[in-house]
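Trainee: My file is data-v4.cif. It has mmCIF, N, CA and C atoms:
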data_work
loop_
_atom_site.label_atom_id
_atom_site.label_comp_id
_atom_site.auth_asym_id
_atom_site.auth_seq_id
_atom_site.Cartn_x
_atom_site.Cartn_y
_atom_site.Cartn_z
N MET B 1 -0.93 -66.40 -43.15
CA MET B 1 -0.05 -67.42 -43.67
C MET B 1 1.18 -66.82 -44.32
N MET B 2 0.97 -65.78 -45.11
CA MET B 2 2.09 -65.23 -45.85
C MET B 2 3.10 -64.57 -44.93
N ALA B 3 2.66 -64.09 -43.80
CA ALA B 3 3.58 -63.45 -42.86
C ALA B 3 4.07 -64.44 -41.81
N CYS B 4 3.75 -65.70 -41.96
CA CYS B 4 4.20 -66.76 -41.04
C CYS B 4 3.69 -66.54 -39.62
N LEU B 5 2.49 -66.01 -39.48
CA LEU B 5 1.92 -65.74 -38.16
C LEU B 5 0.90 -66.78 -37.73
N HIS B 6 0.50 -67.66 -38.62
CA HIS B 6 -0.58 -68.61 -38.35
C HIS B 6 -0.27 -69.58 -37.21
N ASP B 7 0.98 -69.87 -36.97
CA ASP B 7 1.33 -70.79 -35.88
C ASP B 7 1.71 -70.06 -34.60
N VAL B 8 1.69 -68.74 -34.62
CA VAL B 8 2.03 -67.95 -33.44
C VAL B 8 0.79 -67.67 -32.59
N ASP B 9 -0.30 -67.32 -33.25
CA ASP B 9 -1.54 -66.95 -32.57
C ASP B 9 -2.71 -67.60 -33.29
N PRO B 10 -3.50 -68.43 -32.61
CA PRO B 10 -4.61 -69.13 -33.26
C PRO B 10 -5.63 -68.21 -33.92
N ARG B 11 -5.73 -66.97 -33.47
CA ARG B 11 -6.69 -66.04 -34.08
C ARG B 11 -6.37 -65.81 -35.55
N PHE B 12 -5.09 -65.79 -35.91
CA PHE B 12 -4.72 -65.62 -37.31
C PHE B 12 -5.21 -66.79 -38.15
N SER B 13 -5.10 -67.99 -37.61
CA SER B 13 -5.56 -69.18 -38.35
C SER B 13 -7.08 -69.17 -38.51
N PHE B 14 -7.80 -68.79 -37.48
CA PHE B 14 -9.26 -68.77 -37.53
C PHE B 14 -9.76 -67.80 -38.59
N VAL B 15 -9.23 -66.59 -38.58
CA VAL B 15 -9.63 -65.60 -39.58
C VAL B 15 -9.15 -66.04 -40.96
N GLY B 16 -7.98 -66.64 -41.01
CA GLY B 16 -7.46 -67.14 -42.27
C GLY B 16 -8.34 -68.20 -42.90
N ASP B 17 -9.01 -69.01 -42.06
CA ASP B 17 -9.91 -70.04 -42.58
C ASP B 17 -11.08 -69.41 -43.35
N PHE B 18 -11.62 -68.32 -42.84
CA PHE B 18 -12.71 -67.64 -43.54
C PHE B 18 -12.22 -67.02 -44.85
N PHE B 19 -11.04 -66.42 -44.80
CA PHE B 19 -10.46 -65.87 -46.02
C PHE B 19 -10.23 -66.98 -47.04
N SER B 20 -9.72 -68.12 -46.58
CA SER B 20 -9.45 -69.25 -47.48
C SER B 20 -10.71 -69.77 -48.13
N LEU B 21 -11.78 -69.83 -47.37
CA LEU B 21 -13.05 -70.28 -47.94
C LEU B 21 -13.50 -69.35 -49.06
N GLY B 22 -13.45 -68.06 -48.78
CA GLY B 22 -13.82 -67.08 -49.81
C GLY B 22 -12.90 -67.14 -51.02
N ALA B 23 -11.61 -67.29 -50.76
CA ALA B 23 -10.64 -67.37 -51.85
C ALA B 23 -10.87 -68.61 -52.70
N THR B 24 -11.16 -69.72 -52.06
CA THR B 24 -11.42 -70.97 -52.79
C THR B 24 -12.65 -70.83 -53.68
N LEU B 25 -13.71 -70.25 -53.13
CA LEU B 25 -14.92 -70.05 -53.93
C LEU B 25 -14.65 -69.10 -55.11
N PHE B 26 -13.92 -68.02 -54.85
CA PHE B 26 -13.57 -67.08 -55.92
C PHE B 26 -12.79 -67.79 -57.02
N GLU B 27 -11.79 -68.57 -56.64
CA GLU B 27 -10.95 -69.25 -57.61
C GLU B 27 -11.71 -70.33 -58.38
N MET B 28 -12.65 -70.99 -57.71
CA MET B 28 -13.44 -72.02 -58.39
C MET B 28 -14.32 -71.41 -59.49
N PHE B 29 -14.93 -70.28 -59.17
CA PHE B 29 -15.87 -69.69 -60.13
C PHE B 29 -15.18 -68.85 -61.20
N THR B 30 -14.07 -68.21 -60.87
CA THR B 30 -13.40 -67.34 -61.84
C THR B 30 -12.22 -68.01 -62.53
N ARG B 31 -11.70 -69.07 -61.93
CA ARG B 31 -10.50 -69.77 -62.42
C ARG B 31 -9.28 -68.86 -62.45
N VAL B 32 -9.24 -67.95 -61.49
CA VAL B 32 -8.13 -67.01 -61.33
C VAL B 32 -7.64 -67.11 -59.89
N ARG B 33 -6.31 -67.12 -59.68
CA ARG B 33 -5.76 -67.18 -58.32
C ARG B 33 -5.95 -65.82 -57.64
N LEU B 34 -6.64 -65.81 -56.52
CA LEU B 34 -6.99 -64.57 -55.83
C LEU B 34 -5.76 -63.86 -55.26
N GLY B 35 -4.83 -64.60 -54.71
CA GLY B 35 -3.64 -63.97 -54.11
C GLY B 35 -2.88 -63.10 -55.09
N ILE B 36 -2.73 -63.58 -56.30
CA ILE B 36 -2.01 -62.81 -57.32
C ILE B 36 -2.82 -61.58 -57.71
N VAL B 37 -4.14 -61.72 -57.79
CA VAL B 37 -5.00 -60.58 -58.15
C VAL B 37 -4.95 -59.50 -57.07
N LEU B 38 -5.04 -59.90 -55.80
CA LEU B 38 -5.07 -58.93 -54.71
C LEU B 38 -3.71 -58.32 -54.40
N PHE B 39 -2.71 -59.16 -54.34
CA PHE B 39 -1.42 -58.71 -53.80
C PHE B 39 -0.32 -58.57 -54.84
N GLY B 40 -0.37 -59.33 -55.88
CA GLY B 40 0.71 -59.35 -56.86
C GLY B 40 1.85 -60.20 -56.35
N PRO B 41 2.62 -60.77 -57.24
CA PRO B 41 3.68 -61.69 -56.83
C PRO B 41 4.79 -61.03 -56.01
N GLN B 42 5.07 -59.76 -56.25
CA GLN B 42 6.15 -59.09 -55.52
C GLN B 42 5.81 -58.90 -54.05
N LEU B 43 4.58 -58.53 -53.73
CA LEU B 43 4.20 -58.34 -52.32
C LEU B 43 4.25 -59.66 -51.58
N LEU B 44 3.78 -60.72 -52.20
CA LEU B 44 3.81 -62.03 -51.55
C LEU B 44 5.24 -62.43 -51.21
N THR B 45 6.14 -62.26 -52.15
CA THR B 45 7.53 -62.61 -51.92
C THR B 45 8.17 -61.69 -50.89
N SER B 46 7.91 -60.39 -50.97
CA SER B 46 8.55 -59.44 -50.06
C SER B 46 8.07 -59.62 -48.62
N LEU B 47 6.91 -60.21 -48.42
CA LEU B 47 6.40 -60.45 -47.07
C LEU B 47 6.84 -61.81 -46.53
N THR B 48 6.76 -62.83 -47.36
CA THR B 48 7.03 -64.19 -46.90
C THR B 48 8.51 -64.44 -46.63
N LEU B 49 9.37 -64.09 -47.54
CA LEU B 49 10.79 -64.42 -47.38
C LEU B 49 11.43 -63.84 -46.12
N PRO B 50 11.25 -62.56 -45.81
CA PRO B 50 11.86 -62.04 -44.58
C PRO B 50 11.25 -62.63 -43.31
N MET B 51 9.94 -62.89 -43.31
CA MET B 51 9.30 -63.38 -42.08
C MET B 51 9.71 -64.81 -41.74
N ILE B 52 10.15 -65.57 -42.71
CA ILE B 52 10.61 -66.94 -42.44
C ILE B 52 11.82 -66.91 -41.51
N THR B 53 12.65 -65.89 -41.64
CA THR B 53 13.89 -65.82 -40.85
C THR B 53 13.68 -65.25 -39.45
N VAL B 54 12.52 -64.63 -39.20
CA VAL B 54 12.25 -64.03 -37.89
C VAL B 54 11.89 -65.12 -36.90
N PRO B 55 12.48 -65.11 -35.69
CA PRO B 55 12.11 -66.11 -34.69
C PRO B 55 10.61 -66.07 -34.41
N ARG B 56 10.04 -67.24 -34.20
CA ARG B 56 8.59 -67.40 -34.07
C ARG B 56 7.98 -66.46 -33.03
N ASP B 57 8.61 -66.31 -31.89
CA ASP B 57 8.04 -65.49 -30.82
C ASP B 57 8.11 -63.99 -31.09
N GLN B 58 8.82 -63.59 -32.14
CA GLN B 58 8.95 -62.17 -32.47
C GLN B 58 8.17 -61.77 -33.72
N ARG B 59 7.52 -62.71 -34.37
CA ARG B 59 6.89 -62.44 -35.67
C ARG B 59 5.76 -61.41 -35.59
N VAL B 60 4.91 -61.50 -34.58
CA VAL B 60 3.79 -60.54 -34.50
C VAL B 60 4.32 -59.13 -34.31
N ALA B 61 5.29 -58.95 -33.43
CA ALA B 61 5.85 -57.61 -33.19
C ALA B 61 6.52 -57.06 -34.45
N ILE B 62 7.28 -57.89 -35.13
CA ILE B 62 7.96 -57.45 -36.36
C ILE B 62 6.93 -57.14 -37.45
N PHE B 63 5.94 -58.01 -37.59
CA PHE B 63 4.89 -57.78 -38.59
C PHE B 63 4.19 -56.45 -38.34
N ASN B 64 3.79 -56.19 -37.10
CA ASN B 64 3.11 -54.93 -36.78
C ASN B 64 3.99 -53.72 -37.04
N ARG B 65 5.29 -53.89 -36.86
CA ARG B 65 6.21 -52.78 -37.06
C ARG B 65 6.44 -52.46 -38.54
N VAL B 66 6.40 -53.46 -39.41
CA VAL B 66 6.76 -53.22 -40.82
C VAL B 66 5.57 -53.21 -41.79
N ILE B 67 4.40 -53.64 -41.36
CA ILE B 67 3.29 -53.77 -42.31
C ILE B 67 2.89 -52.44 -42.94
N GLY B 68 2.98 -51.35 -42.21
CA GLY B 68 2.66 -50.03 -42.78
C GLY B 68 3.54 -49.69 -43.95
N THR B 69 4.81 -50.02 -43.86
CA THR B 69 5.76 -49.76 -44.94
C THR B 69 5.44 -50.62 -46.14
N VAL B 70 5.12 -51.88 -45.91
CA VAL B 70 4.84 -52.80 -47.01
C VAL B 70 3.57 -52.38 -47.74
N VAL B 71 2.55 -52.02 -47.01
CA VAL B 71 1.26 -51.66 -47.62
C VAL B 71 1.35 -50.36 -48.40
N SER B 72 2.18 -49.43 -47.95
CA SER B 72 2.25 -48.13 -48.62
C SER B 72 3.00 -48.17 -49.95
N ARG B 73 3.58 -49.31 -50.30
CA ARG B 73 4.33 -49.40 -51.57
C ARG B 73 3.42 -49.49 -52.74
#
In C-alpha cells, what does this structure look like?

Mentor:
Amino acid sequence: MMACLHDVDPRFSFVGDFFSLGATLFEMFTRVRLGIVLFGPQLLTSLTLPMITVPRDQRVAIFNRVIGTVVSR
C-alpha cells in the first residue's frame, strides 16, 4: 500500500491483507500504531510521496530498483 503497488499486481493486495490482519490485532491489543513502530514516519513519507507520481505500469520496476536504497537508510 505504501509503495502504491496494491492496484498494480493482485499478489501485493493478497499478502497485504494478511499483514493488515496482523497489524490490526497488534494495534487492538497494544493500542500502538504498528506502522510507526516498524517504519517510522520518515520512511512512510519517503516511500509514499514519490511513488504516487510514478505511472502505474512502472511502479513495480521503480520500487524494485530503489527499495535497497530506502531500506539501507

Trainee: Enter the distance from atom CA of B:Ala61 to atom N of B:Ala23, in Å, rounded to one decimal.

Mentor: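 Computing the Euclidean distance for atom CA of B:Ala61 and atom N of B:Ala23 yields 26.6 Å.
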
Trainee: If I take atom C of B:Leu49 and atom N of B:Phe26, how far is one from the other in Å, to one decimal?

Mentor: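 Rounded to one decimal, the two atoms are 27.1 Å apart.
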
Trainee: Kindly give the distance, in Å, that separates atom N of B:Gly68 and atom N of B:Leu25, rounded to a single decimal.

Mentor: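 Straight-line distance from atom N of B:Gly68 to atom N of B:Leu25 works out to 27.5 Å.
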
Trainee: List every residue of chain B that DSSP, applied to the backbone of this structure, assigns to helix (DSSP H, G or I), and report them as a PyMOL selection string.

Mentor: chain B and resi 10-30+34-53+56-71

Trainee: Do a neighbour search on B:Ile62 at 12 Å with only C-alpha atoms, toss out local chain neighbours closer than 2 positions, and write the hits as a list in words.

Mentor: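 Result of the neighbour search: Ala3, Cys4, Leu5, Leu47, Pro50, Met51, Ile52, Thr53, Val54, Pro55, Arg56, Asp57, Gln58, Arg59, Val60, Asn64, Arg65, Val66, Ile67, Gly68 and Thr69 of chain B.
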
Trainee: Would you write out, as a list in words, every residue that the PyMOL selection byres (((chain B and resi 33-42 and name CA) around 12) and name CA) captures in this file?

Mentor: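 For this structure, the PyMOL selection byres (((chain B and resi 33-42 and name CA) around 12) and name CA) captures Met1, Met2, Phe19, Ser20, Leu21, Gly22, Ala23, Thr24, Leu25, Phe26, Glu27, Met28, Phe29, Thr30, Arg31, Val32, Leu43, Leu44, Thr45, Ser46, Leu47, Thr48, Leu49, Val70, Val71 and Arg73 of chain B.
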
Trainee: N, CA, C and O atoms for stretch 4-18 of chain B, written as a compact mmCIF listing (two decimals), keeping the file's coordinate frame, could you do that?

Mentor:
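Below is the file that was written, out-v4.txt:
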# COMPACT_ATOMS: atom_id res chain seq x y z
N CYS B 4 3.75 -65.70 -41.96
CA CYS B 4 4.20 -66.76 -41.04
C CYS B 4 3.69 -66.54 -39.62
O CYS B 4 4.38 -66.83 -38.65
N LEU B 5 2.49 -66.01 -39.48
CA LEU B 5 1.92 -65.74 -38.16
C LEU B 5 0.90 -66.78 -37.73
O LEU B 5 0.46 -66.79 -36.58
N HIS B 6 0.50 -67.66 -38.62
CA HIS B 6 -0.58 -68.61 -38.35
C HIS B 6 -0.27 -69.58 -37.21
O HIS B 6 -1.17 -70.05 -36.55
N ASP B 7 0.98 -69.87 -36.97
CA ASP B 7 1.33 -70.79 -35.88
C ASP B 7 1.71 -70.06 -34.60
O ASP B 7 2.00 -70.68 -33.59
N VAL B 8 1.69 -68.74 -34.62
CA VAL B 8 2.03 -67.95 -33.44
C VAL B 8 0.79 -67.67 -32.59
O VAL B 8 0.82 -67.76 -31.38
N ASP B 9 -0.30 -67.32 -33.25
CA ASP B 9 -1.54 -66.95 -32.57
C ASP B 9 -2.71 -67.60 -33.29
O ASP B 9 -2.90 -67.36 -34.48
N PRO B 10 -3.50 -68.43 -32.61
CA PRO B 10 -4.61 -69.13 -33.26
C PRO B 10 -5.63 -68.21 -33.92
O PRO B 10 -6.32 -68.61 -34.84
N ARG B 11 -5.73 -66.97 -33.47
CA ARG B 11 -6.69 -66.04 -34.08
C ARG B 11 -6.37 -65.81 -35.55
O ARG B 11 -7.27 -65.63 -36.36
N PHE B 12 -5.09 -65.79 -35.91
CA PHE B 12 -4.72 -65.62 -37.31
C PHE B 12 -5.21 -66.79 -38.15
O PHE B 12 -5.68 -66.61 -39.27
N SER B 13 -5.10 -67.99 -37.61
CA SER B 13 -5.56 -69.18 -38.35
C SER B 13 -7.08 -69.17 -38.51
O SER B 13 -7.60 -69.50 -39.58
N PHE B 14 -7.80 -68.79 -37.48
CA PHE B 14 -9.26 -68.77 -37.53
C PHE B 14 -9.76 -67.80 -38.59
O PHE B 14 -10.59 -68.14 -39.43
N VAL B 15 -9.23 -66.59 -38.58
CA VAL B 15 -9.63 -65.60 -39.58
C VAL B 15 -9.15 -66.04 -40.96
O VAL B 15 -9.85 -65.86 -41.96
N GLY B 16 -7.98 -66.64 -41.01
CA GLY B 16 -7.46 -67.14 -42.27
C GLY B 16 -8.34 -68.20 -42.90
O GLY B 16 -8.42 -68.31 -44.12
N ASP B 17 -9.01 -69.01 -42.06
CA ASP B 17 -9.91 -70.04 -42.58
C ASP B 17 -11.08 -69.41 -43.35
O ASP B 17 -11.48 -69.91 -44.41
N PHE B 18 -11.62 -68.32 -42.84
CA PHE B 18 -12.71 -67.64 -43.54
C PHE B 18 -12.22 -67.02 -44.85
O PHE B 18 -12.89 -67.08 -45.88
